[in-house]
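Text of run_20.cif (mmCIF, C-alpha atoms) as supplied:
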```
data_input
#
loop_
_atom_site.label_atom_id
_atom_site.label_comp_id
_atom_site.auth_asym_id
_atom_site.auth_seq_id
_atom_site.Cartn_x
_atom_site.Cartn_y
_atom_site.Cartn_z
CA MET A 29 0.00 0.00 0.00
CA ARG A 30 2.58 2.54 -0.88
CA PRO A 31 3.24 5.17 -3.51
CA LYS A 32 5.88 4.90 -6.19
CA ASN A 33 8.86 6.32 -4.34
CA VAL A 34 8.80 3.75 -1.59
CA PHE A 35 10.94 1.23 -3.41
CA MET A 36 14.29 2.97 -3.75
CA LYS A 37 17.55 1.28 -4.73
CA THR A 38 19.31 0.11 -1.61
CA ASN A 39 21.69 -2.45 -0.24
CA ALA A 40 19.28 -5.31 0.22
CA CYS A 41 18.29 -8.75 -1.46
CA VAL A 42 15.62 -10.78 -3.41
CA ILE A 43 13.15 -13.26 -2.28
CA ILE A 44 11.46 -16.20 -3.60
CA SER A 45 8.62 -18.03 -2.29
CA PHE A 46 8.22 -21.70 -2.35
CA VAL A 47 6.73 -19.93 -0.04
CA LEU A 48 10.06 -18.44 -0.67
CA PHE A 49 10.83 -15.13 0.28
CA PHE A 50 13.34 -13.99 -2.01
CA PHE A 51 12.23 -16.72 -3.78
CA GLY A 52 9.69 -17.68 -0.27
CA CYS A 53 8.91 -22.26 2.96
CA GLN A 54 6.75 -24.99 3.87
CA GLN A 55 5.09 -27.54 1.71
CA ASP A 56 1.62 -26.63 0.45
CA THR A 57 0.81 -23.86 2.89
CA VAL A 58 4.00 -21.86 3.13
CA ASN A 59 5.79 -19.35 0.99
CA PRO A 60 9.46 -20.18 1.33
CA ASP A 61 10.56 -16.69 0.37
CA SER A 62 8.57 -14.87 2.93
CA GLY A 63 7.89 -17.72 5.22
CA GLN A 64 4.22 -16.84 5.11
CA ASP A 65 1.90 -19.64 6.16
CA ASN A 66 -1.06 -17.95 4.58
CA THR A 67 -3.34 -20.46 2.87
CA LYS A 68 -5.70 -23.26 3.74
CA PRO A 69 -4.62 -26.76 2.66
CA GLY A 70 -5.62 -27.25 -0.97
CA ALA A 71 -6.04 -23.50 -1.56
CA PRO A 72 -3.94 -21.59 -4.10
CA LYS A 73 -0.38 -20.90 -2.96
CA VAL A 74 0.56 -17.28 -2.41
CA ILE A 75 4.12 -16.42 -3.41
CA THR A 76 5.42 -12.95 -2.59
CA LEU A 77 8.34 -10.66 -2.66
CA ASN A 78 8.56 -10.30 1.07
CA SER A 79 6.89 -7.18 2.37
CA ALA A 80 8.90 -6.90 5.54
CA LYS A 81 11.05 -3.79 5.82
CA ASN A 82 14.81 -4.17 5.65
CA ALA A 83 16.20 -3.17 9.03
CA GLY A 84 18.33 -0.04 8.84
CA SER A 85 16.90 1.20 5.56
CA THR A 86 16.17 4.90 5.26
CA ASN A 87 14.25 4.50 2.03
CA GLY A 88 10.90 3.39 3.34
CA ARG A 89 9.49 -0.08 2.97
CA ILE A 90 11.49 -2.28 0.63
CA LEU A 91 11.98 -5.93 -0.08
CA TYR A 92 13.07 -7.96 2.87
CA ARG A 93 16.47 -8.71 1.48
CA LYS A 94 18.79 -9.44 4.36
CA PRO A 95 17.30 -11.89 6.84
CA ASN A 96 19.40 -12.55 9.91
CA GLY A 97 17.72 -15.70 11.15
CA LEU A 98 14.80 -18.09 11.20
CA VAL A 99 12.00 -18.38 13.72
CA VAL A 100 10.50 -21.87 13.90
CA ARG A 101 7.38 -23.27 15.52
CA THR A 102 7.55 -26.58 17.34
CA SER A 103 4.76 -29.15 17.58
CA ALA A 104 4.20 -27.92 21.16
CA GLY A 105 3.45 -24.38 19.92
CA GLN A 106 6.75 -22.83 20.97
CA LEU A 107 8.49 -20.25 18.79
CA LYS A 108 12.29 -20.55 18.73
CA LEU A 109 14.82 -18.17 17.23
CA PHE A 110 17.89 -19.36 15.31
CA PRO A 111 20.25 -16.47 14.42
CA PHE A 112 22.23 -16.73 11.18
CA ARG A 113 25.75 -15.37 11.51
CA ASN A 114 29.05 -15.98 9.75
CA ASN A 115 27.19 -17.87 7.02
CA THR A 116 25.90 -20.59 9.37
CA PHE A 117 23.35 -21.49 12.04
CA TYR A 118 26.04 -23.36 13.99
CA GLY A 119 27.57 -21.72 17.07
CA ASN A 120 25.13 -18.82 17.26
CA GLY A 121 23.13 -19.77 20.33
CA GLY A 122 20.12 -20.94 18.35
CA GLY A 123 16.98 -22.39 19.90
CA GLN A 124 16.06 -19.58 22.30
CA VAL A 125 12.33 -19.68 23.06
CA VAL A 126 10.73 -16.39 21.95
CA GLY A 127 7.07 -17.35 22.28
CA SER A 128 4.72 -20.03 23.63
CA GLY A 129 1.15 -21.15 22.95
CA TYR A 130 1.24 -20.45 19.22
CA SER A 131 -1.21 -22.96 17.77
CA TYR A 132 -2.76 -20.70 15.17
CA GLN A 133 -3.94 -21.72 11.71
CA ASN A 134 -2.03 -19.17 9.62
CA TYR A 135 1.02 -16.94 10.15
CA LEU A 136 1.80 -13.69 8.31
CA PRO A 137 5.26 -12.33 9.17
CA ALA A 138 6.17 -8.75 8.26
CA ASP A 139 7.45 -5.56 9.87
CA TRP A 140 3.95 -4.59 10.89
CA ASN A 141 5.14 -1.96 13.39
CA ASN A 142 7.71 -0.35 11.08
CA ASP A 143 10.48 -0.74 13.64
CA GLY A 144 12.87 -2.97 11.69
CA LYS A 145 11.75 -6.18 13.44
CA THR A 146 9.62 -8.96 12.00
CA ASP A 147 6.26 -9.29 13.76
CA LEU A 148 3.47 -11.84 13.30
CA VAL A 149 -0.18 -11.50 12.34
CA LEU A 150 -1.95 -14.74 13.22
CA LYS A 151 -5.25 -16.26 12.09
CA ASP A 152 -7.19 -18.64 14.31
CA ASN A 153 -9.76 -21.32 13.43
CA ASN A 154 -12.58 -18.82 13.95
CA HIS A 155 -11.22 -16.56 11.18
CA SER A 156 -10.07 -13.89 13.63
CA LEU A 157 -6.71 -12.15 13.36
CA TRP A 158 -4.30 -11.57 16.24
CA PHE A 159 -1.14 -9.46 16.44
CA ALA A 160 2.14 -10.50 18.08
CA PRO A 161 4.79 -7.76 17.76
CA PHE A 162 8.41 -8.68 18.43
CA ASN A 163 9.54 -6.61 21.42
CA ASN A 164 12.43 -6.99 23.87
CA GLY A 165 13.55 -10.31 22.47
CA SER A 166 10.22 -12.14 22.19
CA PHE A 167 6.79 -12.13 20.57
CA ALA A 168 4.17 -10.52 22.83
CA LEU A 169 0.59 -11.29 21.83
CA GLN A 170 -1.56 -8.15 21.81
CA PRO A 171 -4.67 -8.43 24.02
CA GLY A 172 -7.80 -8.91 21.92
CA ASP A 173 -8.19 -9.72 18.26
CA VAL A 174 -7.27 -7.18 15.56
CA GLY A 175 -9.79 -8.32 12.95
CA VAL A 176 -12.68 -10.74 12.44
CA GLY A 177 -14.34 -12.52 9.51
CA PHE A 178 -11.20 -13.41 7.57
CA SER A 179 -12.55 -16.60 6.01
CA GLN A 180 -10.77 -16.36 2.65
CA PRO A 181 -8.81 -19.44 1.51
CA ALA A 182 -5.65 -17.33 1.18
CA LEU A 183 -4.20 -14.12 2.66
CA ALA A 184 -1.06 -12.22 1.69
CA VAL A 185 0.96 -9.19 2.79
CA GLY A 186 1.59 -6.35 0.35
CA GLU A 187 1.69 -2.60 -0.36
CA TRP A 188 -1.41 -0.73 -1.59
CA TRP A 189 -1.66 2.44 0.45
CA THR A 190 -2.46 5.70 -1.35
CA PRO A 191 -3.55 8.92 0.42
CA SER A 192 -6.89 9.14 -1.38
CA GLY A 193 -7.54 5.42 -1.64
CA PHE A 194 -7.08 4.31 1.96
CA PRO A 195 -7.02 7.44 4.13
CA ALA A 196 -7.48 5.33 7.25
CA GLY A 197 -4.45 3.19 6.45
CA ASP A 198 -0.82 3.74 7.32
CA PRO A 199 1.82 4.46 4.64
CA ASP A 200 4.57 3.05 6.85
CA THR A 201 3.07 -0.39 7.42
CA PRO A 202 2.05 -3.24 5.11
CA ASP A 203 -1.50 -4.21 4.23
CA LEU A 204 -3.35 -7.47 3.77
CA VAL A 205 -5.16 -8.88 0.74
CA GLY A 206 -7.64 -11.73 0.88
CA PHE A 207 -8.26 -14.04 -2.09
CA TRP A 208 -11.77 -15.49 -2.27
CA SER A 209 -12.57 -18.74 -4.09
CA THR A 210 -14.69 -16.71 -6.55
CA GLY A 211 -11.60 -14.79 -7.65
CA ALA A 212 -12.63 -11.65 -5.77
CA THR A 213 -9.98 -9.76 -3.81
CA THR A 214 -10.33 -7.61 -0.69
CA ILE A 215 -7.66 -5.28 0.72
CA TYR A 216 -7.42 -4.53 4.44
CA PRO A 217 -5.23 -1.60 5.56
CA PHE A 218 -3.30 -2.07 8.79
CA LYS A 219 -3.05 0.77 11.29
CA SER A 220 -0.09 0.65 13.67
CA HIS A 221 -0.17 2.52 16.98
CA LYS A 222 3.56 3.02 17.32
CA SER A 223 3.39 4.63 20.75
CA SER A 224 1.90 1.48 22.26
CA GLY A 225 3.49 -1.01 19.88
CA PHE A 226 0.05 -2.36 18.97
CA GLY A 227 -1.91 -2.29 15.73
CA THR A 228 -5.20 -3.33 14.17
CA PHE A 229 -7.16 -3.94 10.98
CA LYS A 230 -10.39 -2.75 12.62
CA ASN A 231 -9.92 0.98 11.93
CA GLY A 232 -8.92 0.80 8.27
CA GLY A 233 -12.00 -0.70 6.68
CA SER A 234 -11.98 -3.11 3.73
CA TYR A 235 -11.87 -2.44 0.01
CA ASN A 236 -13.10 -4.62 -2.83
CA ALA A 237 -10.20 -4.73 -5.28
CA GLY A 238 -11.67 -6.48 -8.30
CA ILE A 239 -11.82 -9.98 -9.69
CA THR A 240 -8.84 -12.13 -10.62
CA GLU A 241 -9.15 -15.72 -11.81
CA SER A 242 -11.61 -18.01 -10.10
CA GLY A 243 -11.92 -21.73 -9.69
CA TYR A 244 -8.65 -23.01 -11.07
CA THR A 245 -5.94 -20.61 -9.87
CA THR A 246 -3.06 -22.57 -8.33
CA HIS A 247 -0.60 -19.74 -7.50
CA TYR A 248 -0.82 -16.02 -6.81
CA LEU A 249 2.54 -14.36 -7.54
CA LEU A 250 2.35 -11.12 -5.59
CA ALA A 251 4.95 -8.38 -6.17
CA ASP A 252 5.56 -4.94 -7.63
CA TRP A 253 5.69 -6.20 -11.21
CA SER A 254 5.22 -2.73 -12.75
CA GLY A 255 7.70 -0.68 -10.70
CA ASP A 256 5.23 1.82 -9.23
CA GLY A 257 5.68 0.70 -5.62
CA LEU A 258 2.32 -1.07 -5.40
CA HIS A 259 1.89 -4.83 -5.49
CA ASP A 260 0.36 -6.46 -8.55
CA ILE A 261 -0.74 -10.06 -9.13
CA ILE A 262 0.32 -12.67 -11.64
CA ALA A 263 -2.07 -15.61 -11.36
CA ARG A 264 -1.02 -19.08 -12.51
CA ASN A 265 -3.84 -21.46 -13.36
CA SER A 266 -4.00 -25.24 -13.72
CA LEU A 267 -3.43 -24.91 -17.48
CA GLY A 268 0.01 -23.42 -16.83
CA HIS A 269 -1.10 -19.96 -17.98
CA LEU A 270 0.11 -16.76 -16.31
CA ASN A 271 -2.33 -13.81 -16.26
CA TYR A 272 -1.20 -10.37 -15.14
CA TYR A 273 -3.38 -8.11 -12.95
CA LYS A 274 -1.87 -4.69 -12.35
CA TYR A 275 -2.98 -2.76 -9.29
CA ASP A 276 -4.45 0.59 -10.33
CA GLY A 277 -3.79 3.22 -7.67
CA ASN A 278 -6.59 5.40 -9.06
CA THR A 279 -9.40 2.84 -9.06
CA TYR A 280 -7.88 0.80 -6.21
CA SER A 281 -8.39 -2.46 -8.03
CA PHE A 282 -6.48 -5.17 -9.86
CA VAL A 283 -6.95 -4.69 -13.62
CA HIS A 284 -6.33 -7.55 -16.06
CA GLN A 285 -3.43 -6.83 -18.42
CA GLY A 286 -3.62 -10.07 -20.37
CA LEU A 287 -1.85 -13.40 -20.73
CA VAL A 288 1.90 -13.01 -20.06
CA GLY A 289 3.08 -16.62 -20.16
CA HIS A 290 2.10 -20.24 -20.72
CA GLY A 291 3.61 -23.68 -20.21
CA PHE A 292 4.49 -23.01 -16.58
CA PHE A 293 4.33 -26.50 -15.11
CA PHE A 294 6.95 -26.44 -12.35
CA THR A 295 7.26 -27.65 -8.79
CA ASP A 296 8.27 -24.39 -7.08
CA TYR A 297 8.19 -20.71 -8.01
CA PHE A 298 10.33 -17.85 -6.68
CA ILE A 299 10.01 -14.16 -7.53
CA THR A 300 13.26 -12.30 -8.24
CA ASP A 301 14.48 -8.73 -7.94
CA ARG A 302 18.04 -9.04 -9.21
CA GLU A 303 18.59 -5.33 -9.80
CA LYS A 304 17.61 -4.55 -6.18
CA ASP A 305 15.25 -1.72 -7.06
CA GLY A 306 12.06 -3.21 -5.59
CA LYS A 307 10.61 -4.12 -8.99
CA ALA A 308 10.06 -7.82 -9.64
CA ASP A 309 12.03 -8.84 -12.72
CA GLY A 310 11.42 -12.55 -13.14
CA LEU A 311 10.78 -16.00 -11.78
CA LEU A 312 13.17 -18.68 -10.66
CA VAL A 313 11.44 -22.04 -10.97
CA ARG A 314 12.33 -25.57 -9.93
CA ASP A 315 11.27 -28.60 -11.94
CA ASN A 316 10.78 -32.24 -10.91
CA ASN A 317 14.38 -33.02 -11.84
CA GLY A 318 15.77 -30.50 -9.35
CA LEU A 319 16.79 -28.01 -12.05
CA LEU A 320 16.55 -24.26 -11.40
CA LYS A 321 15.45 -22.25 -14.43
CA LEU A 322 15.24 -18.49 -14.85
CA PHE A 323 12.43 -16.62 -16.65
CA ASN A 324 12.81 -12.87 -17.18
CA PHE A 325 9.84 -10.50 -16.95
CA ASN A 326 9.45 -7.13 -18.67
CA SER A 327 5.69 -6.53 -18.79
CA THR A 328 5.51 -10.13 -20.05
CA PHE A 329 7.43 -13.40 -19.95
CA TYR A 330 7.14 -13.74 -23.72
CA ASN A 331 10.16 -13.06 -25.95
CA GLN A 332 12.55 -12.31 -23.09
CA PRO A 333 16.27 -13.16 -23.37
CA CYS A 334 17.53 -16.45 -21.91
CA ASN A 335 14.12 -17.56 -20.65
CA GLY A 336 14.16 -21.16 -19.46
CA TYR A 337 17.92 -20.95 -18.91
CA VAL A 338 19.17 -23.58 -16.43
CA ILE A 339 21.23 -21.92 -13.67
CA GLY A 340 21.33 -24.69 -11.07
CA SER A 341 20.83 -28.42 -10.55
CA GLY A 342 20.49 -30.94 -7.74
CA PHE A 343 17.85 -29.01 -5.79
CA HIS A 344 15.77 -31.70 -4.09
CA TYR A 345 14.95 -30.08 -0.75
CA THR A 346 11.74 -30.04 1.23
CA ASP A 347 12.01 -26.35 2.21
CA TYR A 348 13.73 -23.35 0.64
CA PHE A 349 14.75 -20.02 2.16
CA VAL A 350 16.09 -17.44 -0.28
CA GLY A 351 17.68 -14.08 0.50
CA GLU A 352 20.98 -12.26 0.86
CA TRP A 353 22.07 -14.69 3.55
CA ALA A 354 25.79 -14.38 2.92
CA GLY A 355 25.75 -10.81 1.63
CA GLY A 356 27.31 -9.36 -1.49
CA SER A 357 25.21 -11.31 -3.98
CA ASN A 358 21.76 -11.17 -5.47
CA PHE A 359 20.35 -14.02 -3.46
CA ASP A 360 21.51 -17.21 -1.81
CA ILE A 361 19.46 -20.34 -1.20
CA ILE A 362 19.25 -22.31 2.02
CA GLY A 363 17.71 -25.74 1.51
CA ARG A 364 16.40 -28.10 4.18
CA ASP A 365 16.35 -31.78 3.27
CA SER A 366 14.17 -34.61 4.58
CA ALA A 367 16.91 -35.59 7.05
CA GLY A 368 16.60 -32.20 8.77
CA ASP A 369 19.94 -30.92 7.46
CA MET A 370 20.39 -27.33 6.26
CA TYR A 371 22.66 -26.42 3.32
CA LEU A 372 23.74 -23.04 1.96
CA HIS A 373 24.09 -22.47 -1.80
CA ARG A 374 25.75 -19.13 -2.55
CA SER A 375 24.99 -17.40 -5.80
CA THR A 376 27.96 -16.83 -8.11
CA PHE A 377 26.56 -14.00 -10.23
CA ALA A 378 25.75 -10.34 -9.81
CA CYS A 379 23.98 -7.81 -12.00
CA GLN A 380 27.11 -6.04 -13.21
CA PRO A 381 26.73 -5.44 -16.06
CA SER A 382 22.95 -5.40 -15.99
CA SER A 383 22.81 -7.73 -19.00
CA GLN A 384 24.10 -10.46 -16.70
CA CYS A 385 20.89 -10.13 -14.70
CA GLN A 386 18.97 -11.46 -17.68
CA CYS A 387 21.52 -14.06 -18.78
CA PRO A 388 23.53 -15.25 -15.77
CA PRO A 389 26.19 -17.93 -16.14
CA SER A 390 24.97 -21.51 -16.28
CA ASN A 391 26.79 -22.26 -13.00
CA ALA A 392 25.05 -19.49 -11.05
CA TYR A 393 23.96 -22.11 -8.55
CA PRO A 394 26.53 -24.90 -8.61
CA TYR A 395 25.69 -27.94 -6.56
CA PHE A 396 28.62 -27.10 -4.27
CA ARG A 397 27.03 -26.54 -0.88
CA VAL A 398 27.97 -26.03 2.76
CA LYS A 399 26.19 -27.74 5.65
CA ILE A 400 25.04 -25.06 8.09
CA GLY A 401 22.67 -26.92 10.43
CA HIS A 402 21.10 -30.24 11.40
CA GLY A 403 18.14 -31.50 13.40
CA TRP A 404 15.66 -29.12 11.81
CA PHE A 405 12.34 -30.89 12.36
CA PHE A 406 9.79 -28.16 13.01
CA ASP A 407 6.22 -27.38 12.01
CA LYS A 408 6.76 -23.94 10.48
CA TYR A 409 9.64 -21.69 9.46
CA PHE A 410 9.75 -17.88 9.14
CA MET A 411 12.53 -15.73 7.73
CA GLY A 412 13.06 -12.31 9.22
CA THR A 413 15.11 -9.76 11.12
CA TRP A 414 15.25 -9.92 14.88
#
```
Can I see the file as structure tokens?
Amino acid sequence: MRPKNVFMKTNACVIISFVLFFFGCQQDTVNPDSGQDNTKPGAPKVITLNSAKNAGSTNGRILYRKPNGLVVRTSAGQLKLFPFRNNTFYGNGGGQVVGSGYSYQNYLPADWNNDGKTDLVLKDNNHSLWFAPFNNGSFALQPGDVGVGFSQPALAVGEWWTPSGFPAGDPDTPDLVGFWSTGATTIYPFKSHKSSGFGTFKNGGSYNAGITESGYTTHYLLADWSGDGLHDIIARNSLGHLNYYKYDGNTYSFVHQGLVGHGFFFTDYFITDREKDGKADGLLVRDNNGLLKLFNFNSTFYNQPCNGYVIGSGFHYTDYFVGEWAGGSNFDIIGRDSAGDMYLHRSTFACQPSSQCQCPPSNAYPYFRVKIGHGWFFDKYFMGTW
């Protein structure tokens, strides 16, 4: 919910969402990039460029590029923090309990309070939303719900604020969009009360934002695809078609721009921002053979250079976490395998010159990897800054 100038160039990273965040994390209900657990089982997956603010940025809300750890949820409902330092989870005092009693249905991590820390919006089985800001080293659940009636199959965090469109919203905090099974979309502005550290959806109203695809959408790819600072939607359907819906800041609705790709039958999808300007510039996809392929986007996926180019192989993980983990590159990938081991794959390419963004070397993600953790058997995983 933010005007054009919010996404300035800065020293930050990309995300992907398997639910990847830089490219998003958990089987059918998580976005590996953002770590959002935002859909009902069997509902369309929501894949986003993470909406959480990069800590230390002076340029407003940008892509969450530099995570410094993972928060996990155990089967007992505990939240534990594992810091990532020196390119590893080992030796960093991981496993500190930062919350208890978290047995909610859905989790939406973002910098909801605009303080550089990743907070949680939670959805319970009664379709009510709750807010747990991260303060003084732990998540503190706000007394009372912050919204009711959120029965949509999928929810996602994004940016849609405009002064005339959502006057009750907050330009410094993210917003929420709900995807109905009919294809209808509803936007909910979030209002943060910074003095108290609390926030709510109850004071911002709700806004019907138009119709996207209905019935057979399998993925919503949510990002600033146009470069105006507001999040648009690319919807993938069961036919492998990609349809583009640009968010119109004047009518406050998603407007269909047409078919922008077909033949997209892949296992995982990650949104990229390789030029680090906040504008989504492509998809990194993973096929059944563990190959990573890059597809460039410039208003369309059609007729773009090097589309379908293989830039990595041997990716057979159960969970993916993508971001500037090691620093100095476009994005690195942490993969968790079925044995509970964590491995870091560092990217070997940068966008200098910019043509290399579109056509990176074929060994951009060599299978060379470093083991950075073991014993990772948790219910949910969230990337962030703490």
Inset, instruction - Could you tell me which residues the PyMOL selection byres ((chain A and resi 205) around 12) grabs in this file, written as an MDAnalysis selection string? - result: chainID A and resid 29 66:67 74 76 136 178:189 202:204 206:208 212:218 229 234:238 248 250 259:261 275 281:282
Inset, instruction - Counting only C-alpha atoms, find the residues whose atoms lie at most 12 Å from (0.4, -26.8, -13.1) (file coordinates) and write them out as number ranges by chain. - result: A: 72-73, 244-247, 263-270, 290-297, 315-316
Just so the selection is clear, what residues does the PyMOL selection byres ((chain A and resi 139) around 8) cover here, as a PDB file with C-alpha atoms, in the coordinates of the input?
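Generated output (selection11.pdb):
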```
ATOM      1  CA  SER A  79       6.890  -7.180   2.370  1.00  0.00           C
ATOM      2  CA  ALA A  80       8.900  -6.900   5.540  1.00  0.00           C
ATOM      3  CA  LYS A  81      11.050  -3.790   5.820  1.00  0.00           C
ATOM      4  CA  PRO A 137       5.260 -12.330   9.170  1.00  0.00           C
ATOM      5  CA  ALA A 138       6.170  -8.750   8.260  1.00  0.00           C
ATOM      6  CA  TRP A 140       3.950  -4.590  10.890  1.00  0.00           C
ATOM      7  CA  ASN A 141       5.140  -1.960  13.390  1.00  0.00           C
ATOM      8  CA  ASN A 142       7.710  -0.350  11.080  1.00  0.00           C
ATOM      9  CA  ASP A 143      10.480  -0.740  13.640  1.00  0.00           C
ATOM     10  CA  GLY A 144      12.870  -2.970  11.690  1.00  0.00           C
ATOM     11  CA  LYS A 145      11.750  -6.180  13.440  1.00  0.00           C
ATOM     12  CA  THR A 146       9.620  -8.960  12.000  1.00  0.00           C
ATOM     13  CA  ASP A 147       6.260  -9.290  13.760  1.00  0.00           C
ATOM     14  CA  THR A 201       3.070  -0.390   7.420  1.00  0.00           C
ATOM     15  CA  PRO A 202       2.050  -3.240   5.110  1.00  0.00           C
TER      16      PRO A 202
END
```
Inset, instruction - Report as a list in words the full result of the PyMOL selection byres ((chain A and resi 98) around 6) when it is applied to this structure. - result: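 On the file shown, the PyMOL selection byres ((chain A and resi 98) around 6) covers Gly97, Val99, Phe110, Phe410 and Met411 of chain A.
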Include C-alpha atoms and write out the residues we just selected as a tab-separated table (two decimals), keeping the file's coordinate frame.
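Writing done, so here's result_8.tsv:
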```
chain	number	residue	atom	x	y	z
A	97	GLY	CA	17.72	-15.70	11.15
A	99	VAL	CA	12.00	-18.38	13.72
A	110	PHE	CA	17.89	-19.36	15.31
A	410	PHE	CA	9.75	-17.88	9.14
A	411	MET	CA	12.53	-15.73	7.73
```
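Interatomic distance, atom CA of Asn96 of chain A against atom CA of Leu319 of chain A: 27.0 Å.
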Inset, instruction - For atom CA of Pro111 of chain A and atom CA of Tyr132 of chain A, determine how far apart the two atoms are, in Å to one decimal place. - result: 23.4 Å
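Atom CA of Trp253 of chain A sits 11.6 Å away from atom CA of Gln285 of chain A.
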Inset, instruction - Go through A:Ser390, A:Thr116, A:Ser341, A:Gln106 one by one, measure the shortest atom-to-atom distance of each to Phe167 of chain A using only C-alpha atoms, and give the residue with the smallest value. - result: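 Among A:Ser390, A:Thr116, A:Ser341, A:Gln106, it is A:Gln106 that comes nearest to Phe167 of chain A.
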If I put a ball of radius 6 Å at (-4.9, -17.6, 11.3) in the file's coordinates, which residues poke into it when counting all atoms listed in the file, written as a compact mmCIF listing (two decimals) with C-alpha atoms, in the coordinates of the input?
```txt
# COMPACT_ATOMS: atom_id res chain seq x y z
CA TYR A 132 -2.76 -20.70 15.17
CA GLN A 133 -3.94 -21.72 11.71
CA ASN A 134 -2.03 -19.17 9.62
CA LEU A 150 -1.95 -14.74 13.22
CA LYS A 151 -5.25 -16.26 12.09
CA ASP A 152 -7.19 -18.64 14.31
```
